[in-house]
>>> print(open('protein-v1.cif').read())   # mmCIF, C-alpha atoms
data_entry
loop_
_atom_site.label_atom_id
_atom_site.label_comp_id
_atom_site.auth_asym_id
_atom_site.auth_seq_id
_atom_site.Cartn_x
_atom_site.Cartn_y
_atom_site.Cartn_z
CA MET A 1 2.17 21.23 -22.46
CA GLU A 2 2.47 17.56 -23.39
CA SER A 3 0.78 14.38 -22.31
CA LEU A 4 2.53 12.20 -19.75
CA TYR A 5 3.00 8.53 -20.41
CA ILE A 6 5.07 6.35 -18.10
CA ASN A 7 5.63 2.68 -18.67
CA ASP A 8 9.32 2.62 -17.90
CA TYR A 9 9.24 -0.63 -16.03
CA PRO A 10 7.19 -3.07 -18.11
CA ASP A 11 8.86 -6.10 -16.52
CA GLN A 12 8.37 -4.83 -12.98
CA ILE A 13 4.79 -5.17 -11.87
CA ASN A 14 5.33 -2.98 -8.81
CA TYR A 15 5.35 0.14 -11.01
CA PRO A 16 2.03 1.32 -12.43
CA VAL A 17 1.39 2.54 -15.96
CA VAL A 18 0.61 6.23 -16.17
CA ASP A 19 -1.28 7.66 -19.12
CA PHE A 20 -2.20 11.33 -18.71
CA ASN A 21 -3.64 12.63 -21.97
CA TYR A 22 -3.41 16.41 -22.30
CA ASN A 23 -5.78 16.58 -25.26
CA THR A 24 -8.68 14.51 -23.91
CA GLY A 25 -8.15 15.24 -20.23
CA ILE A 26 -8.43 11.52 -19.46
CA CYS A 27 -5.71 10.64 -16.97
CA GLU A 28 -5.24 7.07 -15.92
CA ILE A 29 -3.00 5.19 -13.54
CA SER A 30 -3.22 1.39 -13.62
CA GLY A 31 -1.54 -1.76 -12.36
CA GLU A 32 0.20 -2.02 -9.00
CA SER A 33 2.18 0.53 -7.01
CA TYR A 34 4.75 -0.48 -4.40
CA MET A 35 8.13 0.82 -5.43
CA GLU A 36 10.90 1.64 -2.94
CA ASP A 37 10.94 5.41 -3.37
CA SER A 38 7.37 6.27 -4.19
CA TYR A 39 7.98 10.01 -4.10
CA VAL A 40 10.47 9.81 -6.98
CA PHE A 41 7.85 8.06 -9.10
CA TYR A 42 4.89 10.25 -8.17
CA GLU A 43 6.58 13.65 -8.23
CA PRO A 44 6.27 14.02 -12.05
CA LEU A 45 2.59 13.11 -11.78
CA MET A 46 1.97 15.78 -9.16
CA ASN A 47 3.88 18.36 -11.22
CA TRP A 48 1.90 17.44 -14.31
CA PHE A 49 -1.38 17.91 -12.45
CA LYS A 50 -0.28 21.31 -11.17
CA ASN A 51 0.70 22.50 -14.64
CA TYR A 52 -2.45 21.05 -16.20
CA PHE A 53 -4.70 22.71 -13.65
CA ASP A 54 -2.98 26.05 -14.27
CA GLU A 55 -4.51 25.84 -17.76
CA GLU A 56 -7.98 25.30 -16.26
CA ARG A 57 -8.78 22.26 -18.37
CA PRO A 58 -11.26 19.59 -17.30
CA ILE A 59 -9.94 16.26 -16.09
CA ILE A 60 -11.23 12.71 -15.81
CA PHE A 61 -8.99 10.79 -13.42
CA ASN A 62 -9.30 7.01 -13.65
CA ILE A 63 -7.57 4.94 -10.99
CA LYS A 64 -7.21 1.27 -11.83
CA LEU A 65 -4.72 0.16 -9.22
CA ILE A 66 -5.28 -3.39 -8.04
CA TYR A 67 -2.75 -2.90 -5.24
CA PHE A 68 -0.86 0.01 -3.72
CA ASN A 69 1.27 0.02 -0.59
CA THR A 70 1.27 2.51 2.26
CA SER A 71 3.79 4.97 0.85
CA SER A 72 2.01 4.99 -2.52
CA SER A 73 -1.28 5.67 -0.75
CA ARG A 74 0.17 8.86 0.74
CA LEU A 75 1.00 10.10 -2.74
CA ILE A 76 -2.30 9.05 -4.22
CA LEU A 77 -3.86 11.15 -1.47
CA GLU A 78 -1.65 14.02 -2.60
CA LEU A 79 -2.92 13.72 -6.17
CA LEU A 80 -6.50 13.68 -4.95
CA ASP A 81 -5.87 16.73 -2.76
CA LEU A 82 -4.61 18.57 -5.85
CA ILE A 83 -7.85 17.72 -7.63
CA LYS A 84 -9.89 18.81 -4.60
CA ALA A 85 -8.14 22.18 -4.55
CA TYR A 86 -8.77 22.50 -8.28
CA ILE A 87 -12.47 21.79 -7.88
CA ASP A 88 -12.71 24.22 -4.98
CA ASN A 89 -11.28 26.87 -7.30
CA GLY A 90 -13.92 26.18 -9.94
CA GLY A 91 -12.18 23.47 -11.97
CA LYS A 92 -14.03 20.53 -13.54
CA ALA A 93 -12.98 17.06 -12.49
CA GLU A 94 -14.39 13.54 -12.42
CA ILE A 95 -12.77 10.69 -10.52
CA ASN A 96 -13.44 7.04 -11.25
CA TRP A 97 -11.81 4.41 -9.08
CA PHE A 98 -12.04 0.85 -10.29
CA TYR A 99 -11.62 -2.17 -8.03
CA LYS A 100 -11.72 -5.93 -8.54
CA LYS A 101 -15.02 -7.46 -7.50
CA ASN A 102 -13.22 -10.09 -5.39
CA ASP A 103 -11.34 -7.45 -3.40
CA PRO A 104 -13.63 -6.03 -0.70
CA ASP A 105 -10.63 -4.48 1.09
CA MET A 106 -9.96 -2.23 -1.90
CA LYS A 107 -13.55 -1.06 -1.96
CA ARG A 108 -13.25 -0.07 1.70
CA GLU A 109 -9.96 1.71 1.09
CA ILE A 110 -11.48 3.74 -1.72
CA SER A 111 -14.35 4.70 0.61
CA ASP A 112 -11.79 5.90 3.12
CA PHE A 113 -10.11 8.06 0.49
CA LYS A 114 -13.50 9.46 -0.38
CA ASP A 115 -14.06 10.41 3.27
CA GLU A 116 -10.54 11.79 3.67
CA THR A 117 -10.74 14.05 0.65
CA ASN A 118 -14.46 14.94 0.58
CA LEU A 119 -14.35 14.21 -3.12
CA GLU A 120 -17.05 12.63 -5.23
CA ILE A 121 -15.35 9.42 -6.31
CA ASN A 122 -17.20 6.94 -8.47
CA ILE A 123 -16.37 3.51 -7.07
CA LEU A 124 -16.71 1.02 -9.89
CA PRO A 125 -16.22 -2.76 -9.75
CA PHE A 126 -14.73 -4.77 -12.57
CA GLU A 127 -14.41 -8.49 -13.14
CA ASP A 128 -10.98 -10.10 -12.89
CA MET B 1 12.48 -5.49 -4.72
CA ARG B 2 12.47 -7.98 -7.54
CA ILE B 3 12.58 -10.79 -4.99
CA VAL B 4 9.50 -9.41 -3.24
CA THR B 5 7.73 -9.06 -6.58
CA ALA B 6 8.69 -12.58 -7.66
CA ILE B 7 7.47 -14.16 -4.42
CA GLY B 8 4.29 -12.11 -4.54
CA THR B 9 3.62 -13.23 -8.08
CA TYR B 10 4.30 -16.83 -7.08
CA LEU B 11 1.75 -16.55 -4.27
CA THR B 12 -0.94 -15.23 -6.55
CA GLU B 13 -0.32 -17.95 -9.11
CA LYS B 14 0.35 -20.99 -6.92
CA ALA B 15 -1.41 -20.57 -3.60
CA TYR B 16 -4.35 -22.97 -3.77
CA VAL B 17 -6.81 -20.95 -1.76
CA HIS B 18 -9.84 -18.82 -2.45
CA LEU B 19 -9.13 -15.70 -4.49
CA VAL B 20 -10.13 -13.39 -1.63
CA THR B 21 -7.73 -15.21 0.73
CA LYS B 22 -5.00 -15.12 -1.88
CA THR B 23 -5.47 -11.38 -2.46
CA LYS B 24 -5.25 -10.65 1.27
CA LEU B 25 -2.16 -12.82 1.64
CA TYR B 26 -0.47 -11.05 -1.26
CA LYS B 27 -1.14 -7.60 0.13
CA ILE B 28 -0.05 -8.53 3.64
CA PHE B 29 3.11 -10.15 2.33
CA ILE B 30 4.06 -7.02 0.38
CA GLU B 31 3.41 -4.71 3.35
CA LEU B 32 5.36 -6.80 5.84
CA ALA B 33 8.22 -7.49 3.42
CA MET B 34 8.59 -3.80 2.66
CA ASN B 35 8.56 -2.99 6.37
CA VAL B 36 11.53 -5.32 6.79
CA SER B 37 13.25 -3.76 3.81
CA ASN B 38 12.66 -0.22 5.01
CA TYR B 39 13.12 -0.54 8.77
CA SER B 40 15.27 -3.51 9.71
CA PHE B 41 18.28 -2.39 11.71
CA GLU B 42 20.38 -4.95 9.87
CA ARG B 43 21.10 -3.63 6.38
CA TYR B 44 22.48 -4.91 3.11
CA GLN B 45 24.38 -2.40 0.99
CA ASN B 46 23.64 -2.44 -2.72
CA SER B 47 26.16 -1.55 -5.42
CA ASP B 48 24.61 1.93 -5.76
CA SER B 49 25.14 2.57 -2.00
CA SER B 50 21.45 2.26 -1.22
CA THR B 51 20.54 -0.23 1.47
CA ASN B 52 17.82 -2.77 2.05
CA GLY B 53 16.79 -4.31 5.34
CA ILE B 54 17.66 -7.88 6.21
CA GLY B 55 15.12 -10.14 7.86
CA GLU B 56 13.10 -13.31 7.62
CA ILE B 57 9.75 -13.90 5.96
CA LYS B 58 7.74 -17.07 6.35
CA ILE B 59 4.52 -18.05 4.65
CA PHE B 60 2.77 -21.14 5.94
CA GLU B 61 -0.66 -22.57 6.54
CA ASP B 62 -2.82 -24.91 8.52
CA ASN B 63 -6.36 -26.13 7.88
CA GLU B 64 -7.95 -22.86 8.91
CA TYR B 65 -5.52 -20.08 8.04
CA MET B 66 -2.71 -18.79 5.85
CA TYR B 67 0.07 -17.06 7.80
CA CYS B 68 2.63 -14.44 6.92
CA GLN B 69 5.35 -13.86 9.48
CA THR B 70 8.39 -11.59 9.46
CA ARG B 71 11.29 -11.16 11.83
CA ASN B 72 13.93 -8.44 11.77
CA LYS B 73 16.48 -6.79 13.97
CA ILE B 74 15.53 -3.57 15.72
CA LEU B 75 17.12 -1.08 18.07
CA ALA B 76 16.49 -1.75 21.75
CA ASP B 77 14.48 1.41 22.25
CA GLN B 78 12.18 0.64 19.31
CA GLY B 79 10.78 -2.43 21.05
CA SER B 80 8.47 -0.67 23.46
CA ILE B 81 7.13 1.60 20.70
CA LEU B 82 6.38 -1.35 18.46
CA ILE B 83 4.69 -3.25 21.27
CA ARG B 84 2.57 -0.25 22.17
CA ASN B 85 1.55 0.31 18.54
CA CYS B 86 0.65 -3.34 18.03
CA GLU B 87 -1.34 -3.48 21.25
CA THR B 88 -3.25 -0.38 20.22
CA ILE B 89 -3.91 -1.82 16.78
CA ASN B 90 -5.14 -5.12 18.20
CA SER B 91 -7.46 -3.47 20.69
CA SER B 92 -9.04 -1.08 18.19
CA SER B 93 -12.20 -1.71 16.23
CA HIS B 94 -12.24 -1.89 12.47
CA THR B 95 -13.87 1.53 12.30
CA ASP B 96 -11.35 3.08 14.68
CA LEU B 97 -8.48 1.60 12.70
CA ARG B 98 -9.77 3.09 9.48
CA LEU B 99 -10.07 6.48 11.15
CA MET B 100 -6.63 6.12 12.70
CA ARG B 101 -5.15 5.28 9.32
CA SER B 102 -6.85 8.22 7.66
CA CYS B 103 -5.53 10.64 10.29
CA LEU B 104 -2.01 9.27 10.17
CA ARG B 105 -1.98 9.34 6.39
CA LYS B 106 -3.12 12.94 6.25
CA GLU B 107 -0.51 14.01 8.78
CA ALA B 108 2.36 11.96 7.37
CA PRO B 109 5.14 13.77 5.51
CA ILE B 110 4.87 13.25 1.80
CA ARG B 111 7.98 11.06 1.71
CA ASP B 112 6.95 8.93 4.67
CA THR B 113 7.16 5.21 4.08
CA GLY B 114 4.52 4.71 6.75
CA ALA B 115 5.41 1.78 8.99
CA HIS B 116 2.69 2.44 11.54
CA ILE B 117 0.09 2.93 8.83
CA GLY B 118 1.35 -0.26 7.22
CA LEU B 119 0.68 -2.29 10.36
CA ILE B 120 -2.81 -0.84 10.66
CA THR B 121 -3.42 -1.81 7.05
CA VAL B 122 -2.17 -5.34 7.72
CA LYS B 123 -4.60 -5.66 10.64
CA LEU B 124 -7.46 -4.42 8.46
CA TYR B 125 -6.64 -6.92 5.75
CA THR B 126 -6.21 -9.87 8.10
CA GLU B 127 -9.36 -9.22 10.16
CA ASN B 128 -7.68 -11.18 12.94
CA GLN B 129 -5.44 -10.23 15.83
CA ILE B 130 -1.84 -9.78 14.78
CA GLU B 131 0.69 -11.71 16.87
CA PHE B 132 3.89 -9.93 17.77
CA GLU B 133 6.84 -10.11 20.08
CA VAL B 134 10.13 -8.41 20.79
CA ILE B 135 12.88 -10.65 22.02
CA GLU B 136 16.49 -10.16 23.05
CA ASP B 137 18.96 -12.82 22.04
CA ILE B 138 22.15 -13.93 23.80
CA ASN B 139 24.13 -11.29 21.89
CA LYS B 140 21.83 -8.59 23.32
CA ASP B 141 20.37 -7.94 19.87
CA PHE B 142 16.66 -7.23 19.69
CA TYR B 143 14.30 -8.74 17.16
CA PHE B 144 10.72 -7.88 16.26
CA THR B 145 8.49 -10.68 15.01
CA ILE B 146 5.02 -10.13 13.61
CA LYS B 147 2.59 -12.73 12.34
CA ALA B 148 -0.62 -12.10 10.45
CA LYS B 149 -3.19 -14.83 9.84
CA ILE B 150 -5.78 -14.87 7.12
CA ASP B 151 -8.91 -16.98 7.21
CA LYS B 152 -9.16 -19.56 4.49
CA ILE B 153 -12.46 -19.01 2.80
CA LYS B 154 -14.10 -22.36 2.21
CA ASP B 155 -16.18 -21.54 -0.85
CA ASP B 156 -15.48 -23.17 -4.20
CA LEU B 157 -12.03 -22.26 -5.51
#
>>> encode(input="protein-v1.cif", output="structure tokens")
Amino acid sequence: MESLYINDYPDQINYPVVDFNYNTGICEISGESYMEDSYVFYEPLMNWFKNYFDEERPIIFNIKLIYFNTSSSRLILELLDLIKAYIDNGGKAEINWFYKKNDPDMKREISDFKDETNLEINILPFED
Amino acid sequence: MRIVTAIGTYLTEKAYVHLVTKTKLYKIFIELAMNVSNYSFERYQNSDSSTNGIGEIKIFEDNEYMYCQTRNKILADQGSILIRNCETINSSSHTDLRLMRSCLRKEAPIRDTGAHIGLITVKLYTENQIEFEVIEDINKDFYFTIKAKIDKIKDDL
């Protein structure tokens, strides 16, 4: 299985950068997410998670999205649900979600995801 | 989409307001603009046969607030649904809205673009009542207008 790196739209800020490293288990999504067909973008990420978890490897999932729209949020929830199922089956996972200090709305949204998924999510501020 | 991105970028760079206000305005603009693009009854056909919604977006301000307003054509029978949803959103507490959003998001199909959830999110960002109306014009076309206002934070910029 290979790592997944997506930066196909460097001049379009509405697509995030995806860097899922198979060897280290550190998987990161960063930037902004509000494309027109979110499912098309996120489907490879979900498939990668499923294949990776089949190998029972530990994962550190870092989310560094400074904005995501409603349809992206549904798919982020899907990724988190995959991790939850993996943990429930004995898998090792750590989730770190970074938010800008001047964005209290994002902090609240992350808390909501935490409640929705019953996952331990480390909510970490960073300076702009 | 590039137009939405360009305007959003312009707002973040040029709007001379507090960073928290600017961030809220940006997010609300994107949500409302994408609702127009996804759900307006009036469509523009792209060269690849995909379509985008046609509507109006206005961003303006007064001494106290920044405003983001959109207007788009809808089907006649959508009006009452939109009014009911907006009234429910306006009459719900912050906590109830967060719970409502969580429930809707969990239940939504994976490919759902989430208009109702989007309006809840706009209300949460704005922290003010959203203003809305459905009007019928002389051609018997129906239009939905929604306006979100964001407090201008008065701290040092």
>>> interface_residues(input="protein-v1.cif", of="chain B", to="chain A", cutoff="8 Å", atoms="all atoms listed in the file", output="VMD selection string")
chain B and resid 1 to 2 5 19 to 20 23 27 30 to 31 98 102 105 to 106 108 110 to 115 117 to 118 121 125
>>> resolve_selection(input="protein-v1.cif", expression="the PyMOL selection byres ((chain A and resi 59) around 7)", output="PyMOL selection string")
chain A and resi 25-26+57-58+60-61+92-94
>>> atom_distance(input="protein-v1.cif", atom1="atom CA of Tyr16 of chain B", atom2="atom CA of Glu32 of chain A")
22.1 Å
>>> resolve_selection(input="protein-v1.cif", expression="the PyMOL selection byres ((chain B and resi 58) around 8)", output="list in words")
Glu56, Ile57, Ile59, Phe60, Tyr67, Cys68, Gln69 and Thr70 of chain B
>>> atom_distance(input="protein-v1.cif", atom1="atom CA of Glu43 of chain A", atom2="atom CA of Glu28 of chain A")
15.6 Å
>>> atom_distance(input="protein-v1.cif", atom1="atom CA of Ser37 of chain B", atom2="atom CA of Ile54 of chain B")
6.5 Å
>>> resolve_selection(input="protein-v1.cif", expression="the PyMOL selection byres ((chain B and resi 119) around 12)", output="VMD selection string")
(chain A and resid 69 to 70) or (chain B and resid 27 to 36 82 to 83 85 to 90 97 to 98 100 to 101 104 113 to 118 120 to 126 129 to 132 146 to 148)
>>> axis_aligned_box(input="protein-v1.cif", around="segment 81-90 of chain B", padding_each_side="5 Å", output="lines of an AutoDock Vina configuration file")
center_x = 1.0
center_y = -1.8
center_z = 19.5
size_x = 22.3
size_y = 16.7
size_z = 15.4
>>> decode(input="protein-v1.cif", residues="segment 61-96 of chain A", atoms="N, CA and C atoms", output="CSV table (one decimal), in the first residue's frame")
chain,number,residue,atom,x,y,z
A,61,PHE,N,-4.0,11.3,13.1
A,61,PHE,CA,-4.8,12.1,12.1
A,61,PHE,C,-4.8,13.5,12.6
A,62,ASN,N,-4.1,14.4,11.8
A,62,ASN,CA,-4.0,15.8,12.1
A,62,ASN,C,-4.9,16.5,11.1
A,63,ILE,N,-5.9,17.3,11.7
A,63,ILE,CA,-6.8,18.1,10.9
A,63,ILE,C,-6.4,19.6,11.1
A,64,LYS,N,-6.0,20.2,10.0
A,64,LYS,CA,-5.6,21.6,10.0
A,64,LYS,C,-6.4,22.4,9.0
A,65,LEU,N,-7.7,22.2,9.1
A,65,LEU,CA,-8.6,23.0,8.1
A,65,LEU,C,-9.0,24.3,8.8
A,66,ILE,N,-8.7,25.4,8.1
A,66,ILE,CA,-9.1,26.7,8.7
A,66,ILE,C,-10.6,27.0,8.3
A,67,TYR,N,-11.1,26.3,7.3
A,67,TYR,CA,-12.5,26.4,6.9
A,67,TYR,C,-12.9,25.2,6.1
A,68,PHE,N,-14.1,24.7,6.4
A,68,PHE,CA,-14.8,23.7,5.6
A,68,PHE,C,-16.3,24.0,5.6
A,69,ASN,N,-16.9,23.7,4.4
A,69,ASN,CA,-18.3,24.0,4.3
A,69,ASN,C,-19.1,22.8,4.7
A,70,THR,N,-20.4,22.9,4.6
A,70,THR,CA,-21.3,21.9,5.1
A,70,THR,C,-21.1,20.5,4.5
A,71,SER,N,-21.0,20.5,3.2
A,71,SER,CA,-20.9,19.2,2.6
A,71,SER,C,-19.5,18.5,2.9
A,72,SER,N,-18.5,19.3,3.1
A,72,SER,CA,-17.2,18.8,3.5
A,72,SER,C,-17.3,18.2,4.9
A,73,SER,N,-18.1,18.9,5.8
A,73,SER,CA,-18.2,18.5,7.2
A,73,SER,C,-18.8,17.1,7.3
A,74,ARG,N,-19.8,16.8,6.3
A,74,ARG,CA,-20.4,15.5,6.3
A,74,ARG,C,-19.3,14.4,6.1
A,75,LEU,N,-18.4,14.7,5.2
A,75,LEU,CA,-17.4,13.7,4.8
A,75,LEU,C,-16.3,13.7,5.9
A,76,ILE,N,-16.0,14.8,6.5
A,76,ILE,CA,-15.0,14.7,7.6
A,76,ILE,C,-15.6,13.8,8.7
A,77,LEU,N,-16.9,14.0,9.0
A,77,LEU,CA,-17.6,13.1,9.9
A,77,LEU,C,-17.4,11.6,9.5
A,78,GLU,N,-17.5,11.4,8.2
A,78,GLU,CA,-17.4,10.0,7.7
A,78,GLU,C,-16.0,9.5,8.0
A,79,LEU,N,-15.0,10.3,7.8
A,79,LEU,CA,-13.6,9.9,8.1
A,79,LEU,C,-13.4,9.6,9.6
A,80,LEU,N,-14.0,10.4,10.4
A,80,LEU,CA,-13.9,10.2,11.9
A,80,LEU,C,-14.7,9.0,12.3
A,81,ASP,N,-15.8,8.7,11.7
A,81,ASP,CA,-16.5,7.5,12.0
A,81,ASP,C,-15.7,6.2,11.6
A,82,LEU,N,-14.9,6.3,10.6
A,82,LEU,CA,-14.1,5.2,10.2
A,82,LEU,C,-13.0,5.0,11.3
A,83,ILE,N,-12.5,6.1,11.8
A,83,ILE,CA,-11.5,5.9,12.9
A,83,ILE,C,-12.1,5.4,14.1
A,84,LYS,N,-13.3,5.8,14.4
A,84,LYS,CA,-14.0,5.4,15.6
A,84,LYS,C,-14.2,3.8,15.5
A,85,ALA,N,-14.7,3.4,14.4
A,85,ALA,CA,-14.9,2.0,14.2
A,85,ALA,C,-13.6,1.2,14.4
A,86,TYR,N,-12.5,1.8,13.9
A,86,TYR,CA,-11.2,1.2,14.0
A,86,TYR,C,-10.8,1.0,15.4
A,87,ILE,N,-11.0,2.1,16.2
A,87,ILE,CA,-10.6,2.1,17.6
A,87,ILE,C,-11.5,1.1,18.3
A,88,ASP,N,-12.8,1.0,18.0
A,88,ASP,CA,-13.7,0.1,18.7
A,88,ASP,C,-13.3,-1.4,18.4
A,89,ASN,N,-12.6,-1.6,17.3
A,89,ASN,CA,-12.1,-2.9,17.0
A,89,ASN,C,-10.6,-3.2,17.4
A,90,GLY,N,-10.1,-2.3,18.3
A,90,GLY,CA,-8.8,-2.5,18.9
A,90,GLY,C,-7.7,-1.7,18.2
A,91,GLY,N,-8.0,-0.9,17.2
A,91,GLY,CA,-7.0,-0.1,16.5
A,91,GLY,C,-6.5,1.0,17.3
A,92,LYS,N,-5.2,1.5,17.0
A,92,LYS,CA,-4.6,2.6,17.7
A,92,LYS,C,-4.8,3.9,16.9
A,93,ALA,N,-5.3,4.9,17.4
A,93,ALA,CA,-5.5,6.2,16.7
A,93,ALA,C,-5.4,7.4,17.6
A,94,GLU,N,-4.8,8.4,17.1
A,94,GLU,CA,-4.8,9.7,17.8
A,94,GLU,C,-5.3,10.8,16.8
A,95,ILE,N,-6.1,11.7,17.3
A,95,ILE,CA,-6.7,12.7,16.5
A,95,ILE,C,-6.3,14.1,17.1
A,96,ASN,N,-5.7,14.9,16.3
A,96,ASN,CA,-5.4,16.3,16.7
A,96,ASN,C,-6.0,17.2,15.7
